[in-house]
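*Asks:* Structure below; questions to follow.
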Number of protein chains: 2
Amino acid sequence: MKLGEGVEAAIHCAATLASVDGNSTMPGAALAECFGLSPSYLLKHLNQLTAARILESVSGPAGGYRLARPAERITLLDIVLAVEGREPAFRCGEIRRNGPVKIDASAYVKPCGINAAMLKAERAYRAALAEVKLSDIVADYAAEGDPRSFAASCAFVARHQRPQKTASTNQN
Amino acid sequence: MKLGEGVEAAIHCAATLASVDGNSTMPGAALAECFGLSPSYLLKHLNQLTAARILESVSGPAGGYRLARPAERITLLDIVLAVEGREPAFRCGEIRRNGPVKIDASAYVKPCGINAAMLKAERAYRAALAEVKLSDIVADYAAEGDPRSFAASCAFVARHQRPQKTASTNQN
DNA sequence: TTATCGTGGATACTTTTTATCCGCAATAGG
DNA sequence: CCTATTGCGGATAAAAAGTATCCACGATAA
């Protein structure tokens with residue numbers, strides 16, 4: 001069981017985007033620089049977040065990414081599912097049918113108990129992730145993190161964020 | 001997030017071994033045949049279970065595998081950890097340090113809040129798996145499964161299990 | 001002595017993950 | 001209109017992990 005590195009990148013980027021002003025955006029290249037990630041690959045993950053309607057993207061100069069909704073309504077589960085996919089970690093291959101003893105399919109209508117147990121565990125996993133909001137991550141970072149690194153993050157965001165022309169209803 | 005196919009194989013094999021008599025053993029080749037798996041690869045997983053002291057192995061003719069302890073004291077978590085490894089699914093790469101803004105290491109003594117949240121979710125996952133005993137899986141299979149496939153499984157085990165010479169204290 | 005079985009290493013094949021590149025569409029600013 | 005910047009998508013490739021096979025070896029029951 002392993003999560004791709006994109007998950008960590010996606011969560012950090014989303015947390016960073018949570019502190020841009022109003023409807024301003026931040027370019028993907030700036031986010032990549034912020035965490036020392038390869039820009040071209042990070043864009044893939046940002047794109048997945050956009051497809052999942054967690055982020056919004058703006059093309060053109062002064063374009064970039066911003067959160068599609070307030071950080072209070074984005075959970076870690078949203079991000080993990082967007083990047084890793086929605087399929088469960090355990091996939092039942094029904095290998096019990098593959099044995100030498102041939103029994104017709106009617107003997108296997110009941111779902112496999114092993115599968116049920118594994119899926120139940122994953123529901124617990126997802127439920128725990130769903131309880132953590134992106135705003136919690138940001139608040140924790142602001143409260144528990146070192147003031148120097150927090151200030152540096154804010155300065156970096158302030159330096160790279162770009163205001164948009166079109167008016168927006170949610171002023172943060 | 002994805003689990004290897006070995007997990008499914010390992011659980012099915014362990015459940016099968018739960019119904020061998022006394023201290024009898026069952027060859028790995030028979031287990032592979034039972035689920036239509038490649039024998040040489042399944043042995044790797046059985047070996048991992050042996051290394052984790054979930055199974056015991058006996059060499060020589062009439063040798064094979066058996067549970068190292070009663071099925072009531074083997075959980076799905078034991079098996080999953082033995083096959084997939086004990087490392088958490090999420091590994092914090094501390095990418096927040098990789099940015100262009102250089103801050104000395106003293107600014108990052110606090111563990112990352114993202115990491116904490118992800119590990120907490122995985123603890124919930126593991127706790128759910130730890131609650132399911134191998135004996136539960138077997139009992140569910142006997143009670144809920146189709147009588148035909150259950151009978152076929154029992155017959156297969158009875159046909160391939162091999163009694164051991166050395167006396168054992170735990171008669172199932 | 002022989003045949004069967006598990007162990008461990010070496011090796012190869014396949015799939016997934018990670019990463020890069022390029023052309024395209026969108027668009028802000030001159 | 002023109003140009004520069006940015007996101008989007010596909011093609012491609014390199015790296016890593018997962019899957020699978022084989023063989024030499026030690027153990028052991030008959």
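Identifiers for the structure tokens are assigned positionally: chains receive A, B, ... in sequence, residues are indexed from 1 per chain, and ligands are indexed from 1 in the order shown.
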Just want the 10 Å neighbourhood of stretch 19-21 of chain C, counted on only C-alpha atoms (C1' of nucleotides), with same-chain residues fewer than 4 positions away dropped. Output as a list in words.
*Replies:* Ser38, Pro39, Ser40, Tyr41 and Leu42 of chain A; DA11, DT12, DA13, DA14 and DA15 of chain D
*Asks:* Compute the chain A side of the contact with chain C at 9 Å, counting only C-alpha atoms (C1' of nucleotides), and hand it back as a short mmCIF file (atom, residue, chain, number, x, y, z; two decimals) with N, CA, C and O atoms, in the first residue's frame.
*Replies:*
```
data_model
loop_
_atom_site.label_atom_id
_atom_site.label_comp_id
_atom_site.auth_asym_id
_atom_site.auth_seq_id
_atom_site.Cartn_x
_atom_site.Cartn_y
_atom_site.Cartn_z
N GLY A 4 1.01 7.88 -3.96
CA GLY A 4 1.94 8.59 -4.83
C GLY A 4 2.39 9.89 -4.20
O GLY A 4 1.74 10.44 -3.30
N SER A 38 9.07 19.47 -9.90
CA SER A 38 9.16 19.64 -11.34
C SER A 38 7.87 20.28 -11.85
O SER A 38 6.79 19.74 -11.64
N SER A 40 6.48 20.70 -14.82
CA SER A 40 5.66 20.02 -15.82
C SER A 40 4.87 18.86 -15.22
O SER A 40 3.79 18.55 -15.69
N TYR A 41 5.44 18.24 -14.20
CA TYR A 41 4.73 17.12 -13.62
C TYR A 41 3.68 17.60 -12.61
O TYR A 41 2.59 17.03 -12.53
N VAL A 58 -7.27 29.71 -14.55
CA VAL A 58 -7.46 30.86 -15.42
C VAL A 58 -6.32 30.88 -16.42
O VAL A 58 -5.15 30.83 -16.03
N SER A 59 -6.66 30.91 -17.70
CA SER A 59 -5.64 30.91 -18.73
C SER A 59 -5.10 32.32 -18.96
O SER A 59 -5.68 33.30 -18.51
N GLY A 60 -4.04 32.34 -19.70
CA GLY A 60 -3.49 33.62 -20.12
C GLY A 60 -2.55 34.26 -19.13
O GLY A 60 -2.38 33.76 -18.02
N PRO A 61 -1.91 35.34 -19.49
CA PRO A 61 -1.05 36.05 -18.57
C PRO A 61 -1.88 36.51 -17.37
O PRO A 61 -3.07 36.79 -17.52
N ALA A 62 -1.25 36.57 -16.23
CA ALA A 62 -1.96 36.85 -14.99
C ALA A 62 -2.90 35.71 -14.62
O ALA A 62 -3.73 35.85 -13.74
N GLY A 63 -2.77 34.59 -15.33
CA GLY A 63 -3.58 33.42 -15.01
C GLY A 63 -2.94 32.56 -13.95
O GLY A 63 -1.90 32.90 -13.38
#
```
*Asks:* Would you give me, as a Markdown table, each residue of chain D having an atom within 9 Å of an atom of chain B, along with its shortest atom pair and that distance in Å to one decimal, using only C-alpha atoms (C1' of nucleotides) and sorting by chain and residue number?
*Replies:*
```
| residue | atom | partner | partner_atom | distance |
| --- | --- | --- | --- | --- |
| D:DG18 | C1' | B:Gly4 | CA | 7.4 |
| D:DT19 | C1' | B:Tyr41 | CA | 7.7 |
| D:DA20 | C1' | B:Tyr41 | CA | 6.1 |
| D:DT21 | C1' | B:Ser40 | CA | 7.0 |
| D:DC22 | C1' | B:Ser40 | CA | 9.0 |
| D:DA27 | C1' | B:Ser59 | CA | 5.6 |
| D:DT28 | C1' | B:Gly60 | CA | 4.4 |
| D:DA29 | C1' | B:Pro61 | CA | 5.6 |
| D:DA30 | C1' | B:Pro61 | CA | 8.7 |
```
*Asks:* Please extract the residues of stretch 58-165 of chain B with a backbone DSSP assignment of strand (DSSP E or B) and present them as a list in words.
*Replies:*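 Those residues are Val58, Gly64, Tyr65, Arg66, Leu67, Thr75, Lys133 and Arg162 of chain B.
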*Asks:* Got time to write the residues from that selection, N, CA and C atoms, as a compact mmCIF listing (two decimals), in the first residue's frame?
*Replies:*
```txt
# COMPACT_ATOMS: atom_id res chain seq x y z
N VAL B 58 7.18 -26.50 7.02
CA VAL B 58 7.86 -27.77 7.27
C VAL B 58 8.49 -28.22 5.96
N GLY B 64 5.05 -28.59 4.11
CA GLY B 64 4.11 -27.57 3.64
C GLY B 64 3.95 -26.48 4.67
N TYR B 65 2.79 -25.83 4.65
CA TYR B 65 2.53 -24.71 5.55
C TYR B 65 1.36 -25.02 6.47
N ARG B 66 1.38 -24.38 7.63
CA ARG B 66 0.23 -24.40 8.52
C ARG B 66 0.24 -23.08 9.29
N LEU B 67 -0.86 -22.76 9.94
CA LEU B 67 -0.92 -21.54 10.75
C LEU B 67 0.03 -21.68 11.94
N THR B 75 -5.09 -11.58 12.70
CA THR B 75 -6.00 -10.57 12.17
C THR B 75 -5.64 -10.25 10.71
N LYS B 133 -10.69 -10.95 12.62
CA LYS B 133 -9.84 -12.12 12.83
C LYS B 133 -10.00 -13.08 11.67
N ARG B 162 -1.45 -32.90 4.98
CA ARG B 162 -0.57 -34.03 5.28
C ARG B 162 -0.26 -34.03 6.76
```
*Asks:* Using only C-alpha atoms, find each residue of chain A with at least one atom at most 6 Å away from an atom of chain B; report its shortest atom-to-atom pair and that distance in Å (one decimal), sort the rows by chain and rising residue number, and return the result as CSV.
*Replies:*
```
residue,atom,partner,partner_atom,distance
A:Met1,CA,B:Leu3,CA,4.8
A:Lys2,CA,B:Ala89,CA,4.3
A:Leu3,CA,B:Met1,CA,4.9
A:Cys34,CA,B:Gly99,CA,4.5
A:Phe35,CA,B:Gly99,CA,4.4
A:Gly36,CA,B:Asn98,CA,4.9
A:Ala89,CA,B:Lys2,CA,4.2
A:Phe90,CA,B:Leu3,CA,5.5
A:Ile95,CA,B:Phe35,CA,5.4
A:Arg96,CA,B:Phe35,CA,5.4
A:Asn98,CA,B:Gly36,CA,4.9
A:Gly99,CA,B:Phe35,CA,4.4
A:Ala107,CA,B:Asp146,CA,5.2
A:Ala121,CA,B:Ala128,CA,4.9
A:Glu122,CA,B:Tyr125,CA,6.0
A:Ala124,CA,B:Tyr125,CA,5.7
A:Tyr125,CA,B:Tyr125,CA,4.8
A:Ala128,CA,B:Ala121,CA,5.0
A:Leu129,CA,B:Ala121,CA,5.9
A:Asp146,CA,B:Ala107,CA,5.2
```
*Asks:* Generate a file of the selected residues that holds N, CA and C atoms, formatted as a PDB file, in the first residue's frame.
*Replies:*
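Here's the written file out_33.pdb:
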```
ATOM      1  N   MET A   1       0.843  -1.204   0.000  1.00  0.00           N
ATOM      2  CA  MET A   1       0.000   0.000   0.000  1.00  0.00           C
ATOM      3  C   MET A   1       0.868   1.241   0.000  1.00  0.00           C
ATOM      4  N   LYS A   2       0.656   2.073  -0.958  1.00  0.00           N
ATOM      5  CA  LYS A   2       1.523   3.222  -1.124  1.00  0.00           C
ATOM      6  C   LYS A   2       0.750   4.347  -1.810  1.00  0.00           C
ATOM      7  N   LEU A   3       0.983   5.544  -1.322  1.00  0.00           N
ATOM      8  CA  LEU A   3       0.378   6.705  -1.970  1.00  0.00           C
ATOM      9  C   LEU A   3       1.427   7.402  -2.827  1.00  0.00           C
ATOM     10  N   CYS A  34       7.788  26.843  -5.310  1.00  0.00           N
ATOM     11  CA  CYS A  34       7.577  26.958  -3.871  1.00  0.00           C
ATOM     12  C   CYS A  34       7.988  25.693  -3.135  1.00  0.00           C
ATOM     13  N   PHE A  35       7.847  24.546  -3.789  1.00  0.00           N
ATOM     14  CA  PHE A  35       8.155  23.282  -3.116  1.00  0.00           C
ATOM     15  C   PHE A  35       9.278  22.517  -3.808  1.00  0.00           C
ATOM     16  N   GLY A  36       9.950  23.171  -4.745  1.00  0.00           N
ATOM     17  CA  GLY A  36      11.055  22.506  -5.422  1.00  0.00           C
ATOM     18  C   GLY A  36      10.624  21.308  -6.233  1.00  0.00           C
ATOM     19  N   ALA A  89      -8.533   0.584  -2.560  1.00  0.00           N
ATOM     20  CA  ALA A  89      -7.175   0.047  -2.597  1.00  0.00           C
ATOM     21  C   ALA A  89      -7.183  -1.461  -2.812  1.00  0.00           C
ATOM     22  N   PHE A  90      -8.197  -2.109  -2.263  1.00  0.00           N
ATOM     23  CA  PHE A  90      -8.269  -3.565  -2.399  1.00  0.00           C
ATOM     24  C   PHE A  90      -9.277  -3.925  -3.473  1.00  0.00           C
ATOM     25  N   ILE A  95     -10.467 -14.795  -6.674  1.00  0.00           N
ATOM     26  CA  ILE A  95      -9.588 -15.905  -7.023  1.00  0.00           C
ATOM     27  C   ILE A  95     -10.121 -17.243  -6.528  1.00  0.00           C
ATOM     28  N   ARG A  96     -11.097 -17.179  -5.645  1.00  0.00           N
ATOM     29  CA  ARG A  96     -11.641 -18.464  -5.177  1.00  0.00           C
ATOM     30  C   ARG A  96     -12.322 -19.231  -6.297  1.00  0.00           C
ATOM     31  N   ASN A  98     -11.024 -19.490  -9.237  1.00  0.00           N
ATOM     32  CA  ASN A  98     -10.017 -19.910 -10.216  1.00  0.00           C
ATOM     33  C   ASN A  98      -9.464 -21.300  -9.943  1.00  0.00           C
ATOM     34  N   GLY A  99      -9.955 -21.940  -8.907  1.00  0.00           N
ATOM     35  CA  GLY A  99      -9.422 -23.237  -8.548  1.00  0.00           C
ATOM     36  C   GLY A  99      -9.784 -24.315  -9.551  1.00  0.00           C
ATOM     37  N   ALA A 107     -22.778 -20.245  -7.400  1.00  0.00           N
ATOM     38  CA  ALA A 107     -22.214 -20.492  -6.080  1.00  0.00           C
ATOM     39  C   ALA A 107     -21.477 -19.264  -5.546  1.00  0.00           C
ATOM     40  N   ALA A 121     -12.642  -1.352   6.055  1.00  0.00           N
ATOM     41  CA  ALA A 121     -11.462  -0.667   6.601  1.00  0.00           C
ATOM     42  C   ALA A 121     -11.152   0.593   5.800  1.00  0.00           C
ATOM     43  N   GLU A 122     -11.312   0.482   4.500  1.00  0.00           N
ATOM     44  CA  GLU A 122     -11.017   1.656   3.688  1.00  0.00           C
ATOM     45  C   GLU A 122     -12.050   2.751   3.903  1.00  0.00           C
ATOM     46  N   ALA A 124     -13.293   3.412   6.742  1.00  0.00           N
ATOM     47  CA  ALA A 124     -12.811   4.075   7.957  1.00  0.00           C
ATOM     48  C   ALA A 124     -11.685   5.050   7.624  1.00  0.00           C
ATOM     49  N   TYR A 125     -10.824   4.630   6.726  1.00  0.00           N
ATOM     50  CA  TYR A 125      -9.715   5.489   6.288  1.00  0.00           C
ATOM     51  C   TYR A 125     -10.247   6.764   5.654  1.00  0.00           C
ATOM     52  N   ALA A 128     -11.888   9.194   8.058  1.00  0.00           N
ATOM     53  CA  ALA A 128     -10.930   9.986   8.832  1.00  0.00           C
ATOM     54  C   ALA A 128     -10.386  11.138   7.994  1.00  0.00           C
ATOM     55  N   LEU A 129     -10.146  10.883   6.720  1.00  0.00           N
ATOM     56  CA  LEU A 129      -9.641  11.947   5.854  1.00  0.00           C
ATOM     57  C   LEU A 129     -10.715  12.995   5.601  1.00  0.00           C
ATOM     58  N   ASP A 146       6.540  27.023  12.706  1.00  0.00           N
ATOM     59  CA  ASP A 146       7.508  28.062  13.055  1.00  0.00           C
ATOM     60  C   ASP A 146       7.112  29.369  12.374  1.00  0.00           C
TER      61      ASP A 146
END
```
*Asks:* Can you tell me, as a PyMOL selection string, which residues in stretch 10-172 of chain A count as helix (DSSP H, G or I) by DSSP?
*Replies:* chain A and resi 10-17+28-35+39-51+71-73+76-84+95-98+105-108+113-130+134-144+147-160
*Asks:* Record the distance separating atom CA of B:Ile54 and atom CA of B:His160, expressed in Å with one decimal.
*Replies:*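 Between atom CA of B:Ile54 and atom CA of B:His160 the gap is 20.2 Å.
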*Asks:* Could you tell me how far atom CA of B:Ser135 lies from atom CA of B:Glu72, in Å and to one decimal?
*Replies:*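 Here the two named atoms are 5.1 Å from each other.
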